[in-house]
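**Q** File follows, final.txt with compact mmCIF, C-alpha atoms:
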# COMPACT_ATOMS: atom_id res chain seq x y z
CA MET A 10 26.02 212.95 36.81
CA ASP A 11 26.12 211.15 33.47
CA ILE A 12 22.78 209.54 32.58
CA MET A 13 24.18 206.00 32.60
CA GLU A 14 25.74 206.69 36.01
CA LYS A 15 22.42 208.00 37.20
CA ILE A 16 20.58 204.85 36.08
CA LYS A 17 23.25 202.67 37.66
CA HIS A 18 22.92 204.60 40.90
CA LEU A 19 19.12 204.18 40.86
CA VAL A 20 19.19 200.41 40.36
CA GLU A 21 22.00 199.87 42.86
CA THR A 22 20.62 201.96 45.69
CA ASN A 23 17.03 200.73 45.52
CA PRO A 24 16.36 197.11 46.53
CA ALA A 25 13.52 197.07 43.99
CA ILE A 26 12.75 199.62 41.30
CA ILE A 27 10.43 199.73 38.32
CA PHE A 28 10.86 201.99 35.30
CA MET A 29 7.33 202.36 34.00
CA LYS A 30 4.90 204.34 31.90
CA GLY A 31 2.89 206.39 34.39
CA THR A 32 2.86 205.92 38.15
CA PRO A 33 1.86 202.97 40.37
CA GLN A 34 -1.43 204.81 41.11
CA PHE A 35 -2.00 205.84 37.48
CA PRO A 36 -0.19 203.50 35.10
CA GLN A 37 -0.44 204.57 31.46
CA CYS A 38 0.17 201.21 29.87
CA GLY A 39 -1.37 197.79 30.48
CA PHE A 40 2.02 196.13 30.73
CA SER A 41 3.30 198.66 33.28
CA ALA A 42 0.04 198.30 35.21
CA ARG A 43 0.36 194.54 35.51
CA ALA A 44 4.03 194.59 36.45
CA VAL A 45 3.63 197.26 39.12
CA GLU A 46 0.65 195.41 40.57
CA ALA A 47 2.70 192.23 40.96
CA LEU A 48 5.50 194.21 42.57
CA SER A 49 3.06 195.87 44.99
CA GLN A 50 1.70 192.46 45.99
CA CYS A 51 5.14 191.51 47.28
CA GLY A 52 4.48 193.67 50.34
CA GLU A 53 7.75 195.61 50.35
CA GLU A 54 8.48 199.20 49.48
CA PHE A 55 9.83 199.79 46.01
CA ALA A 56 10.95 202.77 43.97
CA TYR A 57 9.57 203.80 40.61
CA VAL A 58 10.48 206.11 37.76
CA ASN A 59 7.78 207.41 35.44
CA ILE A 60 9.70 207.40 32.16
CA PHE A 61 7.28 209.90 30.61
CA GLU A 62 8.62 212.40 33.13
CA GLU A 63 12.27 211.43 32.65
CA PRO A 64 12.93 211.65 28.91
CA GLU A 65 16.65 211.05 29.36
CA VAL A 66 16.03 207.83 31.25
CA TYR A 67 13.40 206.81 28.68
CA GLN A 68 15.91 207.27 25.89
CA ASN A 69 18.91 205.62 27.51
CA LEU A 70 17.57 202.82 29.69
CA PRO A 71 17.23 200.39 26.75
CA ARG A 72 21.01 200.31 26.27
CA PHE A 73 21.71 200.09 29.99
CA ALA A 74 20.81 196.41 30.20
CA ASN A 75 20.31 195.61 26.53
CA TRP A 76 16.56 195.62 26.98
CA PRO A 77 14.54 197.63 24.44
CA THR A 78 11.08 197.74 26.05
CA PHE A 79 9.23 199.04 29.12
CA PRO A 80 8.49 198.42 31.91
CA GLN A 81 11.83 197.24 33.31
CA ILE A 82 12.09 195.85 36.81
CA TYR A 83 15.34 195.65 38.76
CA VAL A 84 15.72 193.77 42.02
CA ASN A 85 18.91 193.77 44.04
CA GLY A 86 20.71 195.72 41.29
CA GLU A 87 19.83 193.26 38.54
CA LEU A 88 17.36 193.36 35.68
CA ILE A 89 14.76 190.68 36.33
CA GLY A 90 12.79 191.48 33.17
CA GLY A 91 9.77 193.27 31.79
CA CYS A 92 6.08 192.62 32.38
CA ASP A 93 5.93 189.03 31.11
CA ILE A 94 8.85 187.74 33.18
CA THR A 95 7.83 189.67 36.30
CA LEU A 96 4.37 188.10 36.15
CA GLU A 97 5.76 184.67 35.49
CA LEU A 98 8.09 184.99 38.52
CA TYR A 99 5.22 186.29 40.63
CA GLN A 100 3.02 183.36 39.70
CA ARG A 101 5.80 180.96 40.62
CA GLY A 102 6.22 182.73 43.98
CA GLU A 103 9.80 183.65 43.12
CA LEU A 104 9.31 187.39 42.79
CA GLN A 105 8.02 187.70 46.36
CA LYS A 106 11.10 185.92 47.66
CA MET A 107 13.52 187.98 45.55
CA VAL A 108 11.92 191.26 46.63
CA LYS A 109 11.87 190.29 50.31
CA ASP A 110 15.50 189.18 50.22
CA ALA A 111 16.52 192.40 48.48
CA ALA A 112 14.60 194.51 51.02
CA ALA A 113 16.25 192.68 53.93
CA LYS A 114 19.64 193.24 52.36
CA GLY A 115 18.87 196.93 51.88
CA GLN A 116 17.90 197.14 55.54
CA GLU A 117 21.23 195.64 56.59
CA LYS A 118 23.04 198.23 54.53
CA THR A 119 21.24 201.15 56.15
CA THR A 120 21.75 199.89 59.69
CA ALA A 121 25.37 198.88 59.18
CA MET B 29 5.43 191.37 3.81
CA SER B 30 3.40 192.25 6.91
CA VAL B 31 5.21 192.96 10.18
CA ARG B 32 3.66 189.82 11.62
CA GLU B 33 5.07 187.68 8.81
CA ASP B 34 8.41 189.40 9.20
CA ILE B 35 8.55 188.56 12.90
CA GLU B 36 7.58 184.97 12.17
CA LYS B 37 10.22 184.58 9.50
CA LYS B 38 13.04 186.07 11.55
CA LEU B 39 12.28 183.97 14.62
CA ALA B 40 11.86 180.78 12.61
CA SER B 41 15.19 181.26 10.86
CA GLY B 42 17.11 182.43 13.96
CA LEU B 43 15.99 179.75 16.38
CA ASN B 44 15.26 176.07 16.43
CA VAL B 45 11.52 176.53 16.78
CA LEU B 46 9.17 173.81 18.02
CA ARG B 47 6.15 176.05 18.21
CA LEU B 48 5.69 179.64 17.13
CA GLU B 49 2.65 181.81 17.41
CA VAL B 50 2.72 185.50 16.46
CA VAL B 51 -0.54 187.27 17.21
CA ASN B 52 -1.34 190.82 16.17
CA GLU B 53 -3.02 192.25 19.27
CA SER B 54 -3.16 195.83 18.02
CA ASN B 55 -6.96 195.81 18.09
CA MET B 56 -6.72 195.66 21.92
CA HIS B 57 -5.10 199.09 21.88
CA ASN B 58 -5.76 202.68 20.99
CA VAL B 59 -4.47 202.55 17.40
CA PRO B 60 -6.13 202.82 13.96
CA PRO B 61 -7.80 199.68 12.54
CA GLY B 62 -5.39 197.46 10.63
CA SER B 63 -2.36 198.60 12.65
CA GLU B 64 0.58 196.31 13.30
CA SER B 65 1.86 197.84 16.51
CA HIS B 66 1.19 195.36 19.33
CA PHE B 67 2.16 191.71 19.11
CA LYS B 68 2.25 188.66 21.27
CA VAL B 69 4.76 185.93 20.61
CA VAL B 70 4.53 182.45 22.06
CA LEU B 71 7.71 180.59 21.33
CA VAL B 72 8.78 177.09 22.23
CA SER B 73 12.37 176.31 21.36
CA ASP B 74 15.13 174.03 22.57
CA ASP B 75 17.50 176.99 22.18
CA PHE B 76 16.03 178.22 25.49
CA GLU B 77 17.26 175.18 27.38
CA GLY B 78 19.42 176.28 30.34
CA LYS B 79 18.83 179.99 29.69
CA THR B 80 17.28 182.45 32.14
CA LEU B 81 14.09 184.23 31.10
CA VAL B 82 16.05 187.47 30.72
CA ALA B 83 18.55 185.78 28.40
CA ARG B 84 15.74 184.24 26.31
CA HIS B 85 14.02 187.57 25.83
CA GLN B 86 17.32 189.24 24.96
CA LEU B 87 17.88 186.58 22.33
CA VAL B 88 14.50 187.37 20.77
CA TYR B 89 15.09 191.13 21.01
CA THR B 90 18.37 190.71 19.13
CA LEU B 91 16.65 188.84 16.30
CA LEU B 92 13.87 191.43 16.10
CA ASP B 93 16.07 194.49 16.58
CA ASP B 94 14.76 196.37 13.53
CA GLU B 95 11.09 195.62 14.27
CA ILE B 96 11.36 196.71 17.90
CA ARG B 97 13.34 199.84 17.07
CA ASN B 98 11.23 200.99 14.17
CA LYS B 99 7.90 199.22 13.83
CA VAL B 100 6.53 197.57 16.92
CA HIS B 101 5.25 199.43 19.97
CA ALA B 102 4.70 196.45 22.26
CA LEU B 103 5.81 192.85 22.22
CA ALA B 104 4.47 190.38 24.76
CA LEU B 105 6.89 187.48 24.94
CA HIS B 106 6.28 184.00 26.31
CA THR B 107 9.29 181.75 25.92
CA TYR B 108 9.36 178.09 26.86
CA THR B 109 11.41 174.98 26.45
CA GLU B 110 9.51 171.91 25.28
CA ASP B 111 9.21 170.55 28.84
CA GLU B 112 7.97 173.84 30.24
CA TRP B 113 5.39 174.13 27.49
CA ASN B 114 4.08 170.63 28.16
CA GLN B 115 3.88 171.40 31.87
CA ARG B 116 1.81 174.51 31.16
CA GLN B 117 -0.60 172.27 29.29
CA GLU B 118 0.13 174.23 26.17
CA SER B 119 -1.28 177.60 27.05
CA ALA B 120 0.31 181.04 27.31
CA PRO B 121 -0.91 183.99 29.43
CA GLN B 122 -3.28 186.65 28.10
CA SER B 123 -1.96 190.12 27.27
CA PRO B 124 -3.24 193.20 29.11
CA LEU B 125 -5.56 195.74 27.55
CA CYS B 126 -4.33 199.22 26.71
CA ARG B 127 -4.30 202.02 29.29
CA GLY B 128 -4.05 204.77 26.73
CA GLY B 129 -0.44 205.96 27.17
CA SER B 130 0.39 206.44 23.53
CA ASN B 131 3.63 208.46 23.41
CA ALA B 132 5.99 206.04 21.72
Show me this structure written as structure tokens.
**A**
Amino acid sequence: MDIMEKIKHLVETNPAIIFMKGTPQFPQCGFSARAVEALSQCGEEFAYVNIFEEPEVYQNLPRFANWPTFPQIYVNGELIGGCDITLELYQRGELQKMVKDAAAKGQEKTTA
Amino acid sequence: MSVREDIEKKLASGLNVLRLEVVNESNMHNVPPGSESHFKVVLVSDDFEGKTLVARHQLVYTLLDDEIRNKVHALALHTYTEDEWNQRQESAPQSPLCRGGSNA
């Protein structure tokens, strides 16, 4: 699969996914750490990609959604932002809602 | 011109800026003294009116394309309209400290 296809597949098949430096247990960047913590607090399962282990994703993700930095968080197939926006949405209570809605939608898909 | 001044200049000329703060936060990270690698930008502009947060950040990334590609490792971005800034009582969030992942 072409790398852009692969990225598209990842963001479209996971209700919530974070592309980050390190893992949720061992983040290797303060920005990734904060974003993944906010996502975890939403109480739903989410997927992650450690970009240090996926050099092709690391290299090509910035042009996927015209977003040059990491982490990148996608909910319901759409880029919601990096660390700053994710935290802002979390503090407003919007992230929790978006992630829950996306998870419910994902559930519908699997049971349909 | 320092990278910080460069960022300031490009943002000020590309946007209708009401408040602009560019802080070199490199000393919070695992880089040599005097580095210009990590920045925080607090930007209040009426160009952000009616734009999503993603669209605002993309606008800034476009203006700072060269810096982000070639010079800056991390850019914390806090973008507000005038009303939003007033509602926040004129304060932006703190940036996180480094966790040591230094490749790139």
**Q** Check every residue of chain A for an atom within 12 Å of chain B, counting all atoms listed in the file, and provide those that qualify as a compact mmCIF listing (two decimals) with C-alpha atoms, in the frame of the given file.
**A**
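As written to disk, result.txt reads:
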# COMPACT_ATOMS: atom_id res chain seq x y z
CA MET A 29 7.33 202.36 34.00
CA LYS A 30 4.90 204.34 31.90
CA GLY A 31 2.89 206.39 34.39
CA THR A 32 2.86 205.92 38.15
CA PHE A 35 -2.00 205.84 37.48
CA PRO A 36 -0.19 203.50 35.10
CA GLN A 37 -0.44 204.57 31.46
CA CYS A 38 0.17 201.21 29.87
CA GLY A 39 -1.37 197.79 30.48
CA PHE A 40 2.02 196.13 30.73
CA SER A 41 3.30 198.66 33.28
CA ALA A 42 0.04 198.30 35.21
CA ARG A 43 0.36 194.54 35.51
CA ALA A 44 4.03 194.59 36.45
CA ASN A 59 7.78 207.41 35.44
CA ILE A 60 9.70 207.40 32.16
CA PHE A 61 7.28 209.90 30.61
CA GLU A 62 8.62 212.40 33.13
CA PRO A 64 12.93 211.65 28.91
CA TYR A 67 13.40 206.81 28.68
CA GLN A 68 15.91 207.27 25.89
CA PRO A 71 17.23 200.39 26.75
CA ARG A 72 21.01 200.31 26.27
CA ALA A 74 20.81 196.41 30.20
CA ASN A 75 20.31 195.61 26.53
CA TRP A 76 16.56 195.62 26.98
CA PRO A 77 14.54 197.63 24.44
CA THR A 78 11.08 197.74 26.05
CA PHE A 79 9.23 199.04 29.12
CA PRO A 80 8.49 198.42 31.91
CA GLN A 81 11.83 197.24 33.31
CA ILE A 82 12.09 195.85 36.81
CA TYR A 83 15.34 195.65 38.76
CA GLU A 87 19.83 193.26 38.54
CA LEU A 88 17.36 193.36 35.68
CA ILE A 89 14.76 190.68 36.33
CA GLY A 90 12.79 191.48 33.17
CA GLY A 91 9.77 193.27 31.79
CA CYS A 92 6.08 192.62 32.38
CA ASP A 93 5.93 189.03 31.11
CA ILE A 94 8.85 187.74 33.18
CA THR A 95 7.83 189.67 36.30
CA LEU A 96 4.37 188.10 36.15
CA GLU A 97 5.76 184.67 35.49
CA LEU A 98 8.09 184.99 38.52
CA GLN A 100 3.02 183.36 39.70
**Q** Using all atoms listed in the file, which of the listed residues (B:Glu77, B:Glu36, B:Glu95, B:Glu112) sits closest to Val51 (chain B)?
**A**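 Ranked by minimum distance to Val51 (chain B), first place goes to B:Glu36.
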**Q** Might you pull out every residue within 12 Å of region 115-118 of chain A, with all atoms listed in the file counted and same-chain residues fewer than 5 positions away left off, and present them as a PyMOL selection string?
**A** chain A and resi 21-25+53-55+84-86+108-110
**Q** Could you save the residues just selected, with C-alpha atoms, as a tab-separated table (two decimals), keeping the file's coordinate frame?
**A**
chain	number	residue	atom	x	y	z
A	21	GLU	CA	22.00	199.87	42.86
A	22	THR	CA	20.62	201.96	45.69
A	23	ASN	CA	17.03	200.73	45.52
A	24	PRO	CA	16.36	197.11	46.53
A	25	ALA	CA	13.52	197.07	43.99
A	53	GLU	CA	7.75	195.61	50.35
A	54	GLU	CA	8.48	199.20	49.48
A	55	PHE	CA	9.83	199.79	46.01
A	84	VAL	CA	15.72	193.77	42.02
A	85	ASN	CA	18.91	193.77	44.04
A	86	GLY	CA	20.71	195.72	41.29
A	108	VAL	CA	11.92	191.26	46.63
A	109	LYS	CA	11.87	190.29	50.31
A	110	ASP	CA	15.50	189.18	50.22
**Q** I need the residue nearest Glu53 (chain B) from this list: B:Lys37, B:Lys79, B:Arg32, B:Lys99. Use all atoms listed in the file for the distance.
**A**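 Smallest distance to Glu53 (chain B) is found for B:Arg32.
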**Q** Measure the distance from CA of Ala47 (chain A) to CA of Glu110 (chain B) in Å and round it to one decimal.
**A**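 Going from CA of Ala47 (chain A) over to CA of Glu110 (chain B) covers 26.6 Å.
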**Q** In Å, how far is it from CA of Arg101 (chain A) to CA of Ile26 (chain A)?
**A** 19.9 Å
